[in-house]
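Trainee: Following this message is one structure expressed as structure tokens.
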Amino acid sequence: MADQAQFDPGNVEVGRVSVRRGWCPTAWRPMAAGDGLLLRVRPSMGRITAEQARLIARVAARHGNGAIDLTNRAALQLRGLDEAGWRAALDTLVAAELVDADPARETLPLLVAPDWRDGDDTHRIATALSARLAELPPLPAKFGIALDAGAGCVLGNASADLRVERADTGALMLRADGRPTGVAISAGEEVDLIRALADWFVASGGTAAGRMARHDAALPAWATGGLRPRRSTGALVDDPRSYPLPFGRIDAEALAALTDRDGLTALRLTPWRALLLEGVRAPKSDVGDLRHVDACVGAPACPQASVATRPLATELAPLIAGTLHVSGCDKGCARRTQSDVVLTGRDGRFDLALDARADTMPALRGLTYEQVLAHFKGLPRAA
């Protein structure tokens, strides 16, 4: 396998950090970060067995720096690899069927609701779509599909462009992201209609927009409907099997230790910075409640960030009652939507905005780390 893996210096150059924006890494096309190469793994159905988890931990420790990130699209990122480590890791992951041997099948983010059960609609549609991914047209790098056909929709806030969901009427529905309503679909026709809407997206100029929500062309009549997605009655992050990861980070040693629990069969990856354990209750986390906080990896691990993000986010977490986003730059990778408080790195300092995104015009500019803390310590503490 190693002789088949082709390192692409046009996109990633070892020893020189790529600053290309809007490009998503895969296992076959790793991305250069400040701490080395980043290899992304998207397991089938968002599930890894306990043995596969132990293998990932060994690969991360042996060929990278041991850091593993769970992304907001339910993928795992192994960090700190060099070119030789990437090649060895890729061979191992392909052999374990954690990475597809066909690089083209690794390019499209397919997000599956982590509460799926064998044979249910989510599982059925994901299986059918996975078998027909080659029929989809070439789509933008960040384009994704969410399959969320359980009793209630749990992926409404997760990043995706086409969504198969459970409607408030109980029917299956297809919805283009950015539109509040969708159209009813029949069981068995989901893949055909996903393909048709993807074809329309490309043919109508959506590739230039990049994402469905930014594409303002009128949908075809057949894809226009009045159904609204049914919301979940409870968040999976409150499930007793849910194991939160601070900022989505776990190291190889901790992942291996997590799999040693008696009765654990597999781990489900979620887009909420938490792992869902199969067969056992999750152990008590020794970190504070950071569920309302988003922070990217920041400097120095990300070459586009000019500030360290997570130390500040951790200090601010108990001071802020609402949502907090600390972003190393205005890309806002950790959170695409608005947050109550957002701090964005710029030239080594922080810009502050409220009810905003990372790329919003700030209310205050050029704050130091200490000035940010002083500002929020002067406000009433969170309840």
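Following the order of the structure tokens, chains are lettered A, B, ..., residues in each are numbered from 1, and ligands are numbered from 1.
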How close does each residue of segment 150-210 of chain A get to segment 120-131 of chain A, giving the shortest atom pair and distance in Å to one decimal for every residue with an atom at most 12 Å away, counting only C-alpha atoms, sorted by chain and residue number, as a Markdown table?

Mentor:
| residue | atom | partner | partner_atom | distance |
| --- | --- | --- | --- | --- |
| A:Gly150 | CA | A:Thr122 | CA | 6.4 |
| A:Ala151 | CA | A:Asp121 | CA | 9.8 |
| A:Gly152 | CA | A:Thr122 | CA | 11.4 |
| A:Cys153 | CA | A:Thr122 | CA | 10.9 |
| A:Val154 | CA | A:Thr122 | CA | 11.9 |
| A:Arg163 | CA | A:Thr122 | CA | 11.3 |
| A:Val164 | CA | A:Thr122 | CA | 8.7 |
| A:Glu165 | CA | A:Thr122 | CA | 8.8 |
| A:Arg166 | CA | A:Asp121 | CA | 9.6 |
| A:Ala171 | CA | A:Asp121 | CA | 11.1 |
| A:Leu172 | CA | A:Asp121 | CA | 8.9 |
| A:Met173 | CA | A:Asp121 | CA | 11.7 |
| A:Ser186 | CA | A:Asp121 | CA | 11.2 |
| A:Ala187 | CA | A:Asp121 | CA | 8.3 |
| A:Gly188 | CA | A:Ile125 | CA | 8.0 |
| A:Glu189 | CA | A:Ile125 | CA | 9.3 |
| A:Glu190 | CA | A:Ile125 | CA | 6.9 |
| A:Val191 | CA | A:Leu129 | CA | 5.7 |
| A:Asp192 | CA | A:Leu129 | CA | 9.1 |
| A:Leu193 | CA | A:Leu129 | CA | 10.8 |
| A:Ile194 | CA | A:Leu129 | CA | 8.8 |
| A:Arg195 | CA | A:Leu129 | CA | 9.4 |

Trainee: For N, CA and C atoms, I'd like the residues from the last selection saved as an mmCIF file, in the first residue's frame.

Mentor:
data_model
loop_
_atom_site.group_PDB
_atom_site.id
_atom_site.type_symbol
_atom_site.label_atom_id
_atom_site.label_comp_id
_atom_site.auth_asym_id
_atom_site.auth_seq_id
_atom_site.Cartn_x
_atom_site.Cartn_y
_atom_site.Cartn_z
ATOM 1 N N GLY A 150 -33.911 9.578 12.541
ATOM 2 C CA GLY A 150 -34.395 8.929 13.741
ATOM 3 C C GLY A 150 -35.725 9.494 14.192
ATOM 4 N N ALA A 151 -36.103 9.219 15.441
ATOM 5 C CA ALA A 151 -37.389 9.693 15.953
ATOM 6 C C ALA A 151 -37.443 11.214 16.003
ATOM 7 N N GLY A 152 -36.307 11.831 16.283
ATOM 8 C CA GLY A 152 -36.220 13.293 16.291
ATOM 9 C C GLY A 152 -34.911 13.725 15.695
ATOM 10 N N CYS A 153 -34.875 14.898 15.075
ATOM 11 C CA CYS A 153 -33.654 15.371 14.413
ATOM 12 C C CYS A 153 -32.658 15.874 15.448
ATOM 13 N N VAL A 154 -31.449 15.357 15.405
ATOM 14 C CA VAL A 154 -30.423 15.758 16.361
ATOM 15 C C VAL A 154 -29.276 16.513 15.692
ATOM 16 N N ARG A 163 -29.845 17.524 3.724
ATOM 17 C CA ARG A 163 -30.262 16.840 4.944
ATOM 18 C C ARG A 163 -31.459 15.937 4.676
ATOM 19 N N VAL A 164 -31.334 14.682 5.036
ATOM 20 C CA VAL A 164 -32.479 13.781 5.083
ATOM 21 C C VAL A 164 -32.878 13.696 6.554
ATOM 22 N N GLU A 165 -34.123 14.098 6.837
ATOM 23 C CA GLU A 165 -34.552 14.251 8.220
ATOM 24 C C GLU A 165 -35.926 13.629 8.436
ATOM 25 N N ARG A 166 -36.316 13.575 9.713
ATOM 26 C CA ARG A 166 -37.668 13.181 10.069
ATOM 27 C C ARG A 166 -38.507 14.450 10.191
ATOM 28 N N ALA A 171 -43.033 11.892 8.508
ATOM 29 C CA ALA A 171 -42.543 11.441 7.205
ATOM 30 C C ALA A 171 -41.048 11.710 7.071
ATOM 31 N N LEU A 172 -40.412 11.041 6.122
ATOM 32 C CA LEU A 172 -39.044 11.382 5.756
ATOM 33 C C LEU A 172 -39.070 12.612 4.865
ATOM 34 N N MET A 173 -38.072 13.456 4.995
ATOM 35 C CA MET A 173 -38.020 14.668 4.188
ATOM 36 C C MET A 173 -36.589 14.942 3.751
ATOM 37 N N SER A 186 -40.154 9.367 -0.274
ATOM 38 C CA SER A 186 -40.571 8.002 0.042
ATOM 39 C C SER A 186 -39.361 7.134 0.352
ATOM 40 N N ALA A 187 -39.584 6.139 1.193
ATOM 41 C CA ALA A 187 -38.517 5.197 1.519
ATOM 42 C C ALA A 187 -38.019 4.523 0.247
ATOM 43 N N GLY A 188 -36.722 4.515 0.054
ATOM 44 C CA GLY A 188 -36.110 3.889 -1.103
ATOM 45 C C GLY A 188 -35.694 4.858 -2.185
ATOM 46 N N GLU A 189 -36.235 6.088 -2.159
ATOM 47 C CA GLU A 189 -35.859 7.053 -3.186
ATOM 48 C C GLU A 189 -34.884 8.108 -2.673
ATOM 49 N N GLU A 190 -34.403 7.949 -1.439
ATOM 50 C CA GLU A 190 -33.563 8.986 -0.830
ATOM 51 C C GLU A 190 -32.292 9.241 -1.640
ATOM 52 N N VAL A 191 -31.593 8.199 -2.033
ATOM 53 C CA VAL A 191 -30.321 8.385 -2.729
ATOM 54 C C VAL A 191 -30.543 9.036 -4.089
ATOM 55 N N ASP A 192 -31.563 8.630 -4.795
ATOM 56 C CA ASP A 192 -31.850 9.235 -6.098
ATOM 57 C C ASP A 192 -32.110 10.724 -5.962
ATOM 58 N N LEU A 193 -32.840 11.115 -4.920
ATOM 59 C CA LEU A 193 -33.165 12.531 -4.751
ATOM 60 C C LEU A 193 -31.981 13.331 -4.215
ATOM 61 N N ILE A 194 -31.163 12.721 -3.373
ATOM 62 C CA ILE A 194 -29.917 13.384 -2.954
ATOM 63 C C ILE A 194 -29.055 13.659 -4.178
ATOM 64 N N ARG A 195 -28.930 12.658 -5.020
ATOM 65 C CA ARG A 195 -28.122 12.835 -6.237
ATOM 66 C C ARG A 195 -28.725 13.927 -7.133
#

Trainee: If we count only C-alpha atoms, what is near Gly226 of chain A at a cut-off of 9 Å, once residues fewer than 6 positions away on the same chain are taken out, given as a PDB file with all heavy atoms, in the first residue's frame?

Mentor:
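Writing the result to selection.pdb gives the following:
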ATOM      1  N   PRO A 180     -35.742  26.670   5.640  1.00  0.00           N
ATOM      2  CA  PRO A 180     -36.390  26.157   6.850  1.00  0.00           C
ATOM      3  C   PRO A 180     -37.269  24.938   6.620  1.00  0.00           C
ATOM      4  O   PRO A 180     -37.594  24.224   7.567  1.00  0.00           O
ATOM      5  CB  PRO A 180     -37.226  27.344   7.335  1.00  0.00           C
ATOM      6  CG  PRO A 180     -37.509  28.135   6.084  1.00  0.00           C
ATOM      7  CD  PRO A 180     -36.290  27.982   5.227  1.00  0.00           C
ATOM      8  N   THR A 181     -37.685  24.711   5.387  1.00  0.00           N
ATOM      9  CA  THR A 181     -38.594  23.610   5.100  1.00  0.00           C
ATOM     10  C   THR A 181     -38.036  22.734   3.986  1.00  0.00           C
ATOM     11  O   THR A 181     -37.136  23.124   3.242  1.00  0.00           O
ATOM     12  CB  THR A 181     -39.980  24.133   4.677  1.00  0.00           C
ATOM     13  OG1 THR A 181     -39.856  24.928   3.496  1.00  0.00           O
ATOM     14  CG2 THR A 181     -40.606  24.966   5.790  1.00  0.00           C
ATOM     15  N   GLY A 182     -38.615  21.528   3.889  1.00  0.00           N
ATOM     16  CA  GLY A 182     -38.183  20.586   2.869  1.00  0.00           C
ATOM     17  C   GLY A 182     -39.352  19.838   2.278  1.00  0.00           C
ATOM     18  O   GLY A 182     -40.523  20.141   2.560  1.00  0.00           O
ATOM     19  N   VAL A 183     -39.039  18.825   1.481  1.00  0.00           N
ATOM     20  CA  VAL A 183     -40.041  18.099   0.731  1.00  0.00           C
ATOM     21  C   VAL A 183     -40.106  16.650   1.200  1.00  0.00           C
ATOM     22  O   VAL A 183     -39.082  16.058   1.568  1.00  0.00           O
ATOM     23  CB  VAL A 183     -39.723  18.162  -0.784  1.00  0.00           C
ATOM     24  CG1 VAL A 183     -38.389  17.501  -1.088  1.00  0.00           C
ATOM     25  CG2 VAL A 183     -40.831  17.566  -1.612  1.00  0.00           C
ATOM     26  N   ALA A 184     -41.313  16.089   1.237  1.00  0.00           N
ATOM     27  CA  ALA A 184     -41.489  14.697   1.635  1.00  0.00           C
ATOM     28  C   ALA A 184     -40.874  13.769   0.598  1.00  0.00           C
ATOM     29  O   ALA A 184     -40.935  14.028  -0.609  1.00  0.00           O
ATOM     30  CB  ALA A 184     -42.972  14.383   1.809  1.00  0.00           C
TER      31      ALA A 184
END

Trainee: From the options A:Arg179, A:Arg365, A:Arg117, A:Arg42, which residue's atoms come nearest to Glu278 of chain A, counting only C-alpha atoms?

Mentor: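 Comparing A:Arg179, A:Arg365, A:Arg117, A:Arg42 against Glu278 of chain A, the winner is A:Arg117.
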
Trainee: As a PyMOL selection string, please: the residues near Ala53 of chain A (cut-off 9 Å, only C-alpha atoms, same-chain neighbours under 3 positions excluded).

Mentor: chain A and resi 48-50+56-58+255-256+259+266-267

Trainee: For the residues selected in the previous step, produce a file with N, CA and C atoms as an mmCIF file, in the first residue's frame.

Mentor:
data_model
loop_
_atom_site.group_PDB
_atom_site.id
_atom_site.type_symbol
_atom_site.label_atom_id
_atom_site.label_comp_id
_atom_site.auth_asym_id
_atom_site.auth_seq_id
_atom_site.Cartn_x
_atom_site.Cartn_y
_atom_site.Cartn_z
ATOM 1 N N ILE A 48 -16.557 3.275 15.582
ATOM 2 C CA ILE A 48 -15.329 2.491 15.634
ATOM 3 C C ILE A 48 -15.460 1.466 16.759
ATOM 4 N N THR A 49 -15.044 0.243 16.490
ATOM 5 C CA THR A 49 -15.054 -0.776 17.528
ATOM 6 C C THR A 49 -13.987 -0.445 18.566
ATOM 7 N N ALA A 50 -14.064 -1.115 19.702
ATOM 8 C CA ALA A 50 -13.062 -0.896 20.739
ATOM 9 C C ALA A 50 -11.664 -1.224 20.227
ATOM 10 N N ILE A 56 -6.263 3.098 16.522
ATOM 11 C CA ILE A 56 -6.095 4.520 16.260
ATOM 12 C C ILE A 56 -5.185 5.151 17.302
ATOM 13 N N ALA A 57 -5.346 4.767 18.555
ATOM 14 C CA ALA A 57 -4.492 5.310 19.612
ATOM 15 C C ALA A 57 -3.026 4.942 19.362
ATOM 16 N N ARG A 58 -2.782 3.689 18.975
ATOM 17 C CA ARG A 58 -1.398 3.274 18.703
ATOM 18 C C ARG A 58 -0.817 4.040 17.521
ATOM 19 N N LEU A 255 -7.454 7.663 25.088
ATOM 20 C CA LEU A 255 -8.361 6.893 24.243
ATOM 21 C C LEU A 255 -8.184 5.402 24.483
ATOM 22 N N ALA A 256 -6.951 4.956 24.578
ATOM 23 C CA ALA A 256 -6.699 3.539 24.837
ATOM 24 C C ALA A 256 -7.266 3.129 26.194
ATOM 25 N N THR A 259 -11.049 2.488 26.270
ATOM 26 C CA THR A 259 -11.528 1.230 25.673
ATOM 27 C C THR A 259 -11.355 0.029 26.604
ATOM 28 N N ALA A 266 -18.056 -0.518 21.283
ATOM 29 C CA ALA A 266 -17.696 0.431 20.224
ATOM 30 C C ALA A 266 -17.893 1.849 20.720
ATOM 31 N N LEU A 267 -17.388 2.793 19.928
ATOM 32 C CA LEU A 267 -17.546 4.220 20.187
ATOM 33 C C LEU A 267 -18.249 4.855 18.996
#

Trainee: Find the residues near Cys333 of chain A: any atom within 12 Å, counting only C-alpha atoms, skip ones fewer than 4 places away on the same chain, and give them as a PyMOL selection string.

Mentor: chain A and resi 21-24+71-73+142+159+294-298+302+304-305+325-329+337+344+357-359

Trainee: For the selection you just gave me, I'd like the residues written to a file as a short mmCIF file (atom, residue, chain, number, x, y, z; two decimals), in the first residue's frame, keeping N, CA, C and O atoms.

Mentor:
data_model
loop_
_atom_site.label_atom_id
_atom_site.label_comp_id
_atom_site.auth_asym_id
_atom_site.auth_seq_id
_atom_site.Cartn_x
_atom_site.Cartn_y
_atom_site.Cartn_z
N ARG A 21 -6.85 28.21 2.29
CA ARG A 21 -8.10 28.30 3.01
C ARG A 21 -9.19 27.54 2.26
O ARG A 21 -9.16 27.42 1.05
N GLY A 22 -10.19 27.05 3.03
CA GLY A 22 -11.35 26.43 2.43
C GLY A 22 -11.10 25.04 1.90
O GLY A 22 -11.86 24.56 1.07
N TRP A 23 -10.07 24.37 2.39
CA TRP A 23 -9.75 23.04 1.91
C TRP A 23 -9.79 22.08 3.08
O TRP A 23 -9.26 22.36 4.16
N CYS A 24 -10.44 20.94 2.94
CA CYS A 24 -10.56 19.96 4.01
C CYS A 24 -9.61 18.80 3.79
O CYS A 24 -9.60 18.21 2.70
N THR A 71 -13.86 16.24 15.40
CA THR A 71 -14.31 17.45 14.73
C THR A 71 -15.82 17.65 14.86
O THR A 71 -16.55 16.74 15.28
N ASN A 72 -16.28 18.82 14.45
CA ASN A 72 -17.72 19.09 14.50
C ASN A 72 -18.47 18.45 13.35
O ASN A 72 -19.67 18.68 13.19
N ARG A 73 -17.77 17.62 12.57
CA ARG A 73 -18.42 16.76 11.58
C ARG A 73 -18.20 15.29 11.91
O ARG A 73 -18.28 14.42 11.05
N LYS A 142 -16.01 21.51 1.22
CA LYS A 142 -16.68 21.48 2.51
C LYS A 142 -18.13 21.02 2.42
O LYS A 142 -18.85 21.02 3.42
N SER A 159 -22.90 20.96 10.76
CA SER A 159 -22.60 21.47 9.43
C SER A 159 -22.93 20.43 8.36
O SER A 159 -22.40 19.32 8.37
N ASP A 294 -16.71 26.95 22.63
CA ASP A 294 -16.04 26.46 21.42
C ASP A 294 -14.71 27.19 21.29
O ASP A 294 -14.64 28.41 21.45
N ALA A 295 -13.67 26.43 20.98
CA ALA A 295 -12.37 27.04 20.75
C ALA A 295 -11.58 26.14 19.80
O ALA A 295 -11.47 24.93 20.03
N CYS A 296 -11.05 26.72 18.74
CA CYS A 296 -10.23 25.96 17.80
C CYS A 296 -8.89 25.65 18.45
O CYS A 296 -8.60 26.08 19.57
N VAL A 297 -8.03 24.95 17.72
CA VAL A 297 -6.74 24.56 18.28
C VAL A 297 -5.84 25.77 18.51
O VAL A 297 -5.00 25.78 19.41
N GLY A 298 -6.00 26.83 17.73
CA GLY A 298 -5.25 28.07 17.94
C GLY A 298 -3.77 27.95 17.65
O GLY A 298 -3.28 26.94 17.13
N CYS A 302 -2.06 25.85 14.72
CA CYS A 302 -2.64 26.28 13.45
C CYS A 302 -1.87 27.47 12.91
O CYS A 302 -1.74 28.49 13.60
N GLN A 304 -2.70 29.65 10.77
CA GLN A 304 -3.51 30.83 10.49
C GLN A 304 -3.94 31.55 11.76
O GLN A 304 -4.49 32.66 11.70
N ALA A 305 -3.72 30.95 12.91
CA ALA A 305 -4.08 31.58 14.18
C ALA A 305 -2.92 32.43 14.69
O ALA A 305 -1.76 32.03 14.59
N HIS A 325 -17.23 31.59 22.11
CA HIS A 325 -16.41 31.10 21.01
C HIS A 325 -15.10 31.89 21.01
O HIS A 325 -15.12 33.13 20.90
N VAL A 326 -13.98 31.20 21.15
CA VAL A 326 -12.66 31.81 21.04
C VAL A 326 -12.01 31.24 19.80
O VAL A 326 -11.76 30.03 19.71
N SER A 327 -11.75 32.10 18.82
CA SER A 327 -11.26 31.67 17.52
C SER A 327 -9.89 32.26 17.24
O SER A 327 -9.66 33.46 17.47
N GLY A 328 -9.00 31.43 16.72
CA GLY A 328 -7.65 31.91 16.43
C GLY A 328 -7.58 32.88 15.28
O GLY A 328 -6.64 33.67 15.17
N CYS A 329 -8.59 32.84 14.38
CA CYS A 329 -8.66 33.77 13.26
C CYS A 329 -10.12 33.92 12.87
O CYS A 329 -11.01 33.33 13.48
N THR A 337 -21.77 29.20 13.55
CA THR A 337 -22.93 30.02 13.86
C THR A 337 -22.57 31.07 14.91
O THR A 337 -21.47 31.09 15.45
N THR A 344 -12.00 36.86 18.68
CA THR A 344 -11.32 36.47 17.45
C THR A 344 -9.89 36.99 17.46
O THR A 344 -9.66 38.19 17.69
N ARG A 357 -20.56 36.10 14.95
CA ARG A 357 -19.66 35.07 14.45
C ARG A 357 -18.23 35.60 14.52
O ARG A 357 -17.99 36.77 14.78
N ALA A 358 -17.29 34.70 14.26
CA ALA A 358 -15.88 35.09 14.34
C ALA A 358 -15.50 36.15 13.32
O ALA A 358 -14.54 36.89 13.53
N ASP A 359 -16.24 36.22 12.21
CA ASP A 359 -15.90 37.19 11.18
C ASP A 359 -16.76 38.46 11.25
O ASP A 359 -16.76 39.26 10.32
#

Trainee: Compare A:Leu319, A:Ala313, A:Ala60, A:Leu162 by their minimum atom-to-atom distance to Leu76 of chain A, counting only C-alpha atoms, and give me the closest one.

Mentor: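 Under the stated criterion, the closest residue is A:Ala60.
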
Trainee: In Å, how far is it from atom CA of Ala160 of chain A to atom CA of Val99 of chain A?

Mentor: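 Atom CA of Val99 of chain A lies at a distance of 21.0 Å from atom CA of Ala160 of chain A.
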
Trainee: If you run DSSP on this backbone, which residues of segment 167-334 of chain A come out as helix (DSSP H, G or I), and could you give them as a VMD selection string?

Mentor: chain A and resid 190 to 203 206 to 209 212 to 214 221 to 223 236 to 238 246 to 248 252 to 258 310 to 319

Trainee: Give me the residues within 10 Å of Gly178 of chain A as a PyMOL selection string, counting only C-alpha atoms and dropping any in the same chain fewer than 3 places off.

Mentor: chain A and resi 160-162+175+181+211-216

Trainee: Could you state the separation of atom CA of Val307 of chain A and atom CA of Val372 of chain A in Å, given to one decimal place?

Mentor: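 Interatomic distance, atom CA of Val307 of chain A to atom CA of Val372 of chain A: 12.8 Å.
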